[in-house]
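Chemist: Dropping in structure.tsv, which is TSV, C-alpha atoms:
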chain	number	residue	atom	x	y	z
A	1	MET	CA	97.21	81.50	74.29
A	2	THR	CA	99.70	84.24	74.93
A	3	LYS	CA	102.20	81.93	76.57
A	4	THR	CA	102.72	78.22	76.85
A	5	THR	CA	103.55	76.32	79.98
A	6	GLU	CA	106.35	73.87	79.30
A	7	THR	CA	106.11	72.45	82.81
A	8	GLN	CA	103.53	69.98	84.04
A	9	LEU	CA	100.22	71.37	85.24
A	10	ALA	CA	99.35	70.99	88.92
A	11	LEU	CA	96.28	69.07	90.07
A	12	THR	CA	94.98	70.36	93.39
A	13	ARG	CA	91.76	70.15	95.35
A	14	ALA	CA	91.52	73.96	95.21
A	15	GLY	CA	91.76	73.74	91.41
A	16	LEU	CA	88.98	71.15	91.23
A	17	VAL	CA	86.73	73.34	93.39
A	18	GLU	CA	87.55	76.43	91.31
A	19	GLY	CA	86.69	74.46	88.15
A	20	MET	CA	83.30	73.56	89.61
A	21	ARG	CA	82.69	77.19	90.57
A	22	LEU	CA	83.57	78.47	87.09
A	23	ILE	CA	81.21	75.96	85.45
A	24	LEU	CA	78.14	77.02	87.50
A	25	PRO	CA	76.67	79.37	84.82
A	26	PHE	CA	76.33	76.30	82.56
A	27	VAL	CA	74.37	74.22	85.06
A	28	PRO	CA	70.86	75.56	84.25
A	29	GLY	CA	71.39	74.93	80.55
A	30	VAL	CA	72.79	71.44	81.12
A	31	VAL	CA	69.85	70.49	83.37
A	32	ILE	CA	67.35	71.62	80.73
A	33	PHE	CA	69.27	69.97	77.89
A	34	ALA	CA	69.61	66.66	79.77
A	35	SER	CA	65.92	66.67	80.71
A	36	ALA	CA	65.01	67.30	77.08
A	37	PHE	CA	67.21	64.36	76.07
A	38	GLY	CA	65.60	62.12	78.71
A	39	ALA	CA	62.12	63.07	77.50
A	40	ALA	CA	63.04	62.46	73.86
A	41	ALA	CA	64.64	59.12	74.76
A	42	VAL	CA	61.35	57.79	76.18
A	43	GLN	CA	59.54	58.68	72.98
A	44	LYS	CA	62.14	56.87	70.86
A	45	GLY	CA	61.79	53.70	72.94
A	46	LEU	CA	65.04	53.68	74.95
A	47	THR	CA	64.87	52.01	78.34
A	48	LEU	CA	65.83	54.10	81.35
A	49	GLY	CA	69.06	52.12	81.63
A	50	GLN	CA	69.93	52.82	77.99
A	51	ALA	CA	69.22	56.55	78.35
A	52	LEU	CA	71.39	56.83	81.48
A	53	PHE	CA	74.13	54.68	79.92
A	54	MET	CA	74.18	56.91	76.86
A	55	SER	CA	74.39	60.09	78.96
A	56	GLY	CA	77.20	58.62	81.05
A	57	ALA	CA	79.23	57.08	78.25
A	58	VAL	CA	78.73	59.60	75.43
A	59	TYR	CA	78.27	62.80	77.50
A	60	ALA	CA	77.64	65.00	74.46
A	61	GLY	CA	74.24	66.70	74.34
A	62	ALA	CA	73.83	67.61	70.69
A	63	ALA	CA	75.17	64.24	69.49
A	64	GLN	CA	72.81	62.34	71.81
A	65	LEU	CA	69.73	64.30	70.72
A	66	VAL	CA	70.54	64.00	67.02
A	67	SER	CA	71.32	60.29	67.35
A	68	LEU	CA	67.80	59.66	68.64
A	69	GLU	CA	66.55	60.58	65.17
A	70	LEU	CA	68.34	57.46	63.90
A	71	TRP	CA	67.30	55.23	66.81
A	72	THR	CA	65.71	51.99	65.64
A	73	ARG	CA	64.30	48.72	66.98
A	74	HIS	CA	66.33	46.53	64.62
A	75	TRP	CA	70.03	47.29	64.57
A	76	THR	CA	71.90	46.32	61.43
A	77	LEU	CA	75.50	47.06	60.56
A	78	ALA	CA	74.25	49.92	58.37
A	79	SER	CA	72.26	51.57	61.15
A	80	LEU	CA	75.15	51.16	63.62
A	81	LEU	CA	77.52	52.81	61.15
A	82	ALA	CA	75.02	55.61	60.49
A	83	ILE	CA	74.61	56.51	64.17
A	84	THR	CA	78.40	56.40	64.65
A	85	ALA	CA	78.91	58.73	61.68
A	86	VAL	CA	76.34	61.18	63.05
A	87	ALA	CA	78.03	61.25	66.46
A	88	ALA	CA	81.39	61.86	64.74
A	89	THR	CA	80.15	64.77	62.62
A	90	VAL	CA	78.33	66.48	65.50
A	91	ASN	CA	81.41	66.14	67.72
A	92	ALA	CA	84.05	66.98	65.10
A	93	ARG	CA	84.32	70.49	66.58
A	94	MET	CA	85.90	68.91	69.66
A	95	VAL	CA	88.95	67.94	67.57
A	96	LEU	CA	89.62	71.65	67.03
A	97	MET	CA	88.85	72.54	70.65
A	98	GLY	CA	91.33	69.91	71.83
A	99	ALA	CA	93.95	71.19	69.40
A	100	ALA	CA	93.60	74.70	70.82
A	101	LEU	CA	94.18	73.44	74.37
A	102	GLN	CA	97.03	71.04	73.52
A	103	PRO	CA	99.90	73.45	74.28
A	104	TRP	CA	98.46	73.93	77.77
A	105	LEU	CA	97.96	70.20	78.42
A	106	LYS	CA	101.35	69.22	76.99
A	107	GLY	CA	103.14	68.11	80.15
A	108	THR	CA	100.21	66.17	81.64
A	109	PRO	CA	100.85	62.41	82.12
A	110	THR	CA	98.97	60.45	79.44
A	111	PRO	CA	96.75	58.33	81.78
A	112	LEU	CA	95.63	61.43	83.70
A	113	ASN	CA	95.00	63.32	80.47
A	114	ALA	CA	93.06	60.34	79.06
A	115	VAL	CA	90.70	60.59	82.05
A	116	ASN	CA	90.57	64.39	81.88
A	117	LEU	CA	89.67	64.30	78.18
A	118	PHE	CA	86.79	61.85	78.76
A	119	PHE	CA	85.09	64.67	80.71
A	120	PHE	CA	86.04	67.33	78.15
A	121	THR	CA	83.00	69.18	76.84
A	122	ASP	CA	82.16	72.63	75.45
A	123	ALA	CA	81.58	74.16	78.88
A	124	ASN	CA	84.80	73.15	80.63
A	125	TRP	CA	86.72	73.76	77.42
A	126	ILE	CA	85.80	77.43	77.47
A	127	THR	CA	86.33	77.85	81.22
A	128	ALA	CA	89.75	76.15	80.91
A	129	THR	CA	90.60	78.28	77.87
A	130	ARG	CA	89.88	81.49	79.77
A	131	TYR	CA	91.77	80.21	82.81
A	132	GLN	CA	94.92	79.35	80.84
A	133	MET	CA	94.80	82.72	79.04
A	134	LYS	CA	95.09	84.32	82.47
A	135	GLY	CA	98.17	82.17	83.08
A	136	GLY	CA	96.46	79.46	85.15
A	137	THR	CA	98.41	76.23	85.68
A	138	ASP	CA	96.03	73.87	87.51
A	139	LEU	CA	94.52	71.00	85.51
A	140	GLY	CA	91.92	70.64	88.27
A	141	VAL	CA	90.08	73.65	86.85
A	142	MET	CA	89.34	71.71	83.65
A	143	LEU	CA	88.82	68.31	85.27
A	144	GLY	CA	86.70	69.63	88.16
A	145	GLY	CA	84.31	71.44	85.82
A	146	GLY	CA	84.02	68.42	83.51
A	147	LEU	CA	83.40	65.95	86.35
A	148	PHE	CA	80.81	68.18	87.99
A	149	LEU	CA	78.87	68.72	84.74
A	150	TRP	CA	79.02	64.98	83.98
A	151	VAL	CA	77.25	64.24	87.29
A	152	VAL	CA	74.66	66.95	86.57
A	153	TRP	CA	74.20	65.69	83.00
A	154	VAL	CA	73.62	62.06	83.96
A	155	ALA	CA	71.45	62.91	86.97
A	156	ALA	CA	69.26	65.36	85.02
A	157	THR	CA	68.58	62.74	82.34
A	158	LEU	CA	66.43	60.92	84.92
A	159	PRO	CA	63.68	63.52	85.63
A	160	GLY	CA	63.34	64.17	81.91
A	161	TYR	CA	62.88	60.46	81.28
A	162	LEU	CA	60.37	60.03	84.12
A	163	LEU	CA	58.38	63.22	83.55
A	164	GLY	CA	58.67	63.17	79.76
A	165	SER	CA	56.07	65.63	78.63
A	166	LEU	CA	57.17	68.29	81.14
A	167	MET	CA	59.90	69.47	78.80
A	168	ARG	CA	57.86	69.20	75.62
A	169	ASP	CA	58.39	72.80	74.60
A	170	PRO	CA	61.72	74.24	75.82
A	171	LYS	CA	61.04	77.41	73.80
A	172	VAL	CA	58.85	78.67	76.64
A	173	VAL	CA	60.92	81.29	78.50
A	174	GLY	CA	63.76	80.84	76.04
A	175	PHE	CA	65.19	77.65	77.54
A	176	ASP	CA	66.35	76.52	74.11
A	177	LEU	CA	68.79	79.47	74.11
A	178	VAL	CA	70.42	78.94	77.50
A	179	MET	CA	73.52	77.22	76.10
A	180	PRO	CA	74.16	79.63	73.18
A	181	ILE	CA	73.74	82.63	75.51
A	182	VAL	CA	76.25	81.38	78.08
A	183	PHE	CA	78.65	80.35	75.32
A	184	THR	CA	78.44	83.80	73.73
A	185	ALA	CA	78.90	85.61	77.04
A	186	MET	CA	81.96	83.50	77.87
A	187	ALA	CA	83.54	84.27	74.48
A	188	ILE	CA	83.57	88.05	75.07
A	189	PRO	CA	86.66	88.06	77.36
A	190	LEU	CA	88.58	85.95	74.80
A	191	TRP	CA	88.86	88.98	72.50
A	192	LYS	CA	92.43	90.27	72.44
A	193	GLY	CA	92.52	92.81	69.61
A	194	ARG	CA	92.62	93.35	65.86
A	195	ARG	CA	93.77	89.86	64.91
A	196	ASP	CA	90.83	88.32	66.76
A	197	SER	CA	88.40	90.74	65.10
A	198	ILE	CA	89.56	89.69	61.64
A	199	ALA	CA	89.83	85.98	62.45
A	200	TRP	CA	86.41	85.81	64.14
A	201	GLY	CA	84.88	87.80	61.25
A	202	VAL	CA	86.29	85.30	58.74
A	203	ALA	CA	85.00	82.43	60.90
A	204	GLY	CA	81.51	83.97	60.97
A	205	VAL	CA	81.30	84.63	57.24
A	206	VAL	CA	82.57	81.15	56.30
A	207	ALA	CA	80.28	79.42	58.84
A	208	LEU	CA	77.24	81.33	57.58
A	209	THR	CA	78.08	80.53	53.96
A	210	VAL	CA	78.66	76.82	54.64
A	211	SER	CA	75.49	76.58	56.75
A	212	GLN	CA	73.51	77.95	53.79
A	213	LEU	CA	75.10	75.51	51.32
A	214	PHE	CA	75.26	72.26	53.32
A	215	SER	CA	73.01	70.65	55.88
A	216	GLY	CA	74.44	69.19	59.09
A	217	TYR	CA	77.19	70.57	61.30
A	218	ALA	CA	80.01	71.08	58.80
A	219	PHE	CA	79.69	74.86	59.19
A	220	ILE	CA	81.25	74.79	62.69
A	221	VAL	CA	84.46	73.07	61.60
A	222	ALA	CA	84.69	74.99	58.31
A	223	GLY	CA	84.19	78.37	59.98
A	224	ALA	CA	86.53	77.63	62.88
A	225	LEU	CA	89.32	76.39	60.59
A	226	ALA	CA	88.98	79.45	58.36
A	227	GLY	CA	89.20	81.72	61.42
A	228	ALA	CA	92.29	79.93	62.75
A	229	LEU	CA	93.98	80.13	59.33
A	230	ALA	CA	93.21	83.85	59.13
A	231	GLY	CA	94.63	84.32	62.63
A	232	ALA	CA	97.77	82.37	61.74
A	233	PHE	CA	98.55	84.52	58.72
A	234	ILE	CA	97.93	87.94	60.27
A	235	ASP	CA	101.31	89.12	61.54
A	236	ASP	CA	101.66	91.41	64.53
B	3	MET	CA	74.65	41.44	53.26
B	4	THR	CA	74.63	44.23	55.80
B	5	GLU	CA	70.85	44.39	55.49
B	6	GLN	CA	70.50	40.79	56.70
B	7	TRP	CA	72.84	40.95	59.68
B	8	SER	CA	71.07	41.92	62.89
B	9	ALA	CA	72.61	42.90	66.20
B	10	GLY	CA	69.54	41.53	67.99
B	11	GLU	CA	69.24	42.20	71.70
B	12	ALA	CA	72.71	43.74	71.87
B	13	GLY	CA	71.79	46.42	69.29
B	14	PRO	CA	71.10	49.40	71.58
B	15	PHE	CA	74.15	48.56	73.70
B	16	LEU	CA	76.40	48.35	70.62
B	17	ALA	CA	74.98	51.61	69.25
B	18	ILE	CA	75.70	53.51	72.46
B	19	LEU	CA	79.15	51.95	72.74
B	20	ALA	CA	79.99	52.94	69.15
B	21	MET	CA	78.79	56.51	69.78
B	22	ALA	CA	80.81	56.70	72.99
B	23	ALA	CA	83.94	55.41	71.25
B	24	VAL	CA	83.78	57.81	68.31
B	25	THR	CA	83.01	60.72	70.66
B	26	TYR	CA	86.04	59.88	72.78
B	27	VAL	CA	88.17	59.80	69.64
B	28	CYS	CA	86.94	63.35	68.83
B	29	ARG	CA	87.86	64.41	72.37
B	30	ILE	CA	91.46	63.18	72.21
B	31	LEU	CA	92.23	63.53	68.49
B	32	GLY	CA	93.01	67.26	68.52
B	33	VAL	CA	95.36	66.87	71.48
B	34	VAL	CA	97.07	63.80	69.96
B	35	LEU	CA	97.51	65.42	66.53
B	36	MET	CA	98.80	68.74	67.88
B	37	SER	CA	101.40	66.99	70.01
B	38	ARG	CA	103.05	66.04	66.69
B	39	VAL	CA	102.95	69.54	65.20
B	40	PRO	CA	105.82	71.88	66.10
B	41	LEU	CA	104.56	75.09	67.77
B	42	THR	CA	105.90	77.71	65.38
B	43	PRO	CA	104.77	81.32	65.96
B	44	ARG	CA	102.34	80.90	63.05
B	45	VAL	CA	100.79	77.73	64.51
B	46	ARG	CA	100.61	79.47	67.87
B	47	ARG	CA	98.74	82.43	66.37
B	48	GLY	CA	96.34	80.09	64.60
B	49	LEU	CA	95.61	78.20	67.84
B	50	ALA	CA	95.14	81.51	69.67
B	51	ALA	CA	92.48	82.58	67.16
B	52	LEU	CA	90.77	79.17	67.31
B	53	PRO	CA	88.62	79.35	70.49
B	54	GLY	CA	86.82	82.56	69.48
B	55	SER	CA	86.47	81.32	65.90
B	56	ILE	CA	84.84	78.09	67.10
B	57	ILE	CA	82.30	80.02	69.17
B	58	VAL	CA	81.46	82.53	66.44
B	59	ALA	CA	81.14	79.72	63.88
B	60	THR	CA	78.84	77.78	66.24
B	61	VAL	CA	76.62	80.59	67.50
B	62	LEU	CA	76.24	82.94	64.51
B	63	PRO	CA	74.45	80.56	62.07
B	64	LEU	CA	72.36	79.25	64.96
B	65	ALA	CA	71.35	82.77	66.01
B	66	LEU	CA	70.25	83.73	62.50
B	67	ARG	CA	68.42	80.41	62.07
B	68	SER	CA	66.52	80.83	65.37
B	69	GLY	CA	64.94	84.13	64.40
B	70	LEU	CA	65.03	87.76	65.49
B	71	PRO	CA	64.21	87.26	69.23
B	72	ALA	CA	67.12	84.80	69.55
B	73	ALA	CA	69.55	87.11	67.74
B	74	LEU	CA	68.43	90.03	69.90
B	75	ALA	CA	68.91	87.99	73.08
B	76	LEU	CA	72.47	87.00	72.08
B	77	VAL	CA	73.42	90.60	71.25
B	78	CYS	CA	72.03	91.85	74.58
B	79	ALA	CA	73.80	89.08	76.51
B	80	GLY	CA	77.06	90.01	74.76
B	81	LEU	CA	76.63	93.68	75.61
B	82	VAL	CA	75.88	92.93	79.28
B	83	MET	CA	79.00	90.76	79.40
B	84	LEU	CA	81.11	93.59	77.91
B	85	TRP	CA	79.66	95.98	80.47
B	86	ARG	CA	79.65	93.93	83.70
B	87	ARG	CA	81.74	90.77	82.97
B	88	ASN	CA	79.11	88.63	84.72
B	89	GLU	CA	77.96	85.44	82.96
B	90	LEU	CA	74.89	84.84	85.14
B	91	LEU	CA	73.68	88.42	84.65
B	92	ALA	CA	74.24	88.05	80.89
B	93	LEU	CA	72.21	84.81	80.94
B	94	ALA	CA	69.37	86.40	82.91
B	95	VAL	CA	69.20	89.40	80.55
B	96	GLY	CA	69.41	87.17	77.46
B	97	LEU	CA	66.57	84.93	78.67
B	98	GLY	CA	64.50	87.98	79.63
B	99	VAL	CA	64.97	89.56	76.20
B	100	VAL	CA	64.09	86.39	74.24
B	101	THR	CA	61.01	85.69	76.39
B	102	LEU	CA	59.75	89.25	76.00
B	103	ALA	CA	60.54	89.41	72.28
B	104	ARG	CA	58.80	86.09	71.60
B	105	ALA	CA	55.75	87.14	73.62
B	106	LEU	CA	55.56	90.44	71.71
B	107	GLY	CA	56.09	88.61	68.42
B	108	SER	CA	53.23	86.17	69.05
B	109	MET	CA	50.97	89.07	70.09
B	110	ILE	CA	51.68	90.87	66.83
B	111	THR	CA	51.31	87.82	64.59
B	112	ALA	CA	48.30	86.41	66.48
B	113	PRO	CA	45.08	86.47	64.42
Can the structure in the file be given as structure tokens, please?

Modeler:
Amino acid sequence: MTKTTETQLALTRAGLVEGMRLILPFVPGVVIFASAFGAAAVQKGLTLGQALFMSGAVYAGAAQLVSLELWTRHWTLASLLAITAVAATVNARMVLMGAALQPWLKGTPTPLNAVNLFFFTDANWITATRYQMKGGTDLGVMLGGGLFLWVVWVAATLPGYLLGSLMRDPKVVGFDLVMPIVFTAMAIPLWKGRRDSIAWGVAGVVALTVSQLFSGYAFIVAGALAGALAGAFIDD
Amino acid sequence: MTEQWSAGEAGPFLAILAMAAVTYVCRILGVVLMSRVPLTPRVRRGLAALPGSIIVATVLPLALRSGLPAALALVCAGLVMLWRRNELLALAVGLGVVTLARALGSMITAP
């Protein structure tokens, strides 16, 4: 975020295609993750329609998998509130991700941005972040990646649901690590010097500490906020 | 009272709809909130440090929780990325390392 575009971002076909190209390294991980969700959904008693509807409407892998742990046959107000709270805590990190991209998205018309943000997920967030750090000004790069992964995500839910047991153990050949590996690799070029070293170090220490003390996903938000605060207060 | 009320047939539909709604709120909330915060140099520096901090805070606890082969794979993937700047190569090396390390680990611990 070395500079901020005050003008409106473009939205071109070339940008959309570039966004799809940049997102390709995430496709294997998304296919595996979506298949695993489909397989788990069968076991928890979701119909195929419900599994596909959830993938299409929620479009958030970790939240969908965790929510299946709370899936029930008899929905009361309490169980509806519980599953909503779980989705909110797993996805709370996206509030921070959105905040980081806000200066870039600033000039975008609200209806267009509302659509763009529906397809906002970890993968196209990091590709868009890297693109804007290089001075990129085409919203299509974010939207194209998000749209493309959404199609892959929903489509790959189907084979998992139908074949179920095929994905029983994703630990074979390290498939459970596909997403963390790509995420880590994509973070490397974000490093810009001493301030990042300190901020990321603070983020890591705080996240580790919080993950030891509390269950759930609070460690992501706690660590990320601590890192951002550290970055804010380190002068050049 | 909440224990008696039942959503009946609409239950799964309502559950998915509620999850979708709260997830969408998470997606837009950061953008909406930051549009009300003036971009001082300090705020700008904090936002600049945020993406890397989010990734470190997500991956580091997960790596240590998943055991030595996973941690090794992430370190190797990071090194390959530093060296070649190629995400697919980093992914291939990371997967190779974790598969090999897990196979070796199960050979050593096998009875």

Chemist: Expressed in Å to a single decimal, how great is the separation between atom CA of Arg86 of chain B and atom CA of Ala128 of chain A?

Modeler: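 For atom CA of Arg86 of chain B relative to atom CA of Ala128 of chain A, the distance reads 20.6 Å.
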
Chemist: When you count all atoms listed in the file, which of these residues is closest to Gly29 of chain A: A:Val154, A:Ala224, A:Ala230, A:Ala123?

Modeler: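 Closest residue, counting all atoms listed in the file: A:Ala123.
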
Chemist: Using atom CA of Ala41 of chain A and atom CA of Gln64 of chain A as the two end points, give the distance in Å to one decimal.

Modeler: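 So the answer is 9.3 Å.
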
Chemist: Rounded to one decimal, what separation in Å do you get between atom CA of Gly32 of chain B and atom CA of Thr121 of chain A?

Modeler: 13.2 Å

Chemist: Near chain A, meaning an atom within 7 Å, which residues of chain B appear when counting all atoms listed in the file? Write them as a ChimeraX atom specification.

Modeler: /B:4-5,7-10,13,17-18,20-22,24-26,28-33,36-37,44-45,47-63,76,79-80,83-84,89-90,92-93,96-97,100-101

Chemist: Applying 9 Å and all atoms listed in the file, which residues near Leu70 of chain B remain after dropping the ones on its own chain fewer than 3 positions away? List them as number ranges by chain.

Modeler: B: 65-67, 73-75, 100, 103-104

Chemist: So that I have them on file, write out the residues from the current selection with C-alpha atoms, as a short mmCIF file (atom, residue, chain, number, x, y, z; two decimals), keeping the file's coordinate frame.

Modeler:
data_model
loop_
_atom_site.label_atom_id
_atom_site.label_comp_id
_atom_site.auth_asym_id
_atom_site.auth_seq_id
_atom_site.Cartn_x
_atom_site.Cartn_y
_atom_site.Cartn_z
CA ALA B 65 71.35 82.77 66.01
CA LEU B 66 70.25 83.73 62.50
CA ARG B 67 68.42 80.41 62.07
CA ALA B 73 69.55 87.11 67.74
CA LEU B 74 68.43 90.03 69.90
CA ALA B 75 68.91 87.99 73.08
CA VAL B 100 64.09 86.39 74.24
CA ALA B 103 60.54 89.41 72.28
CA ARG B 104 58.80 86.09 71.60
#
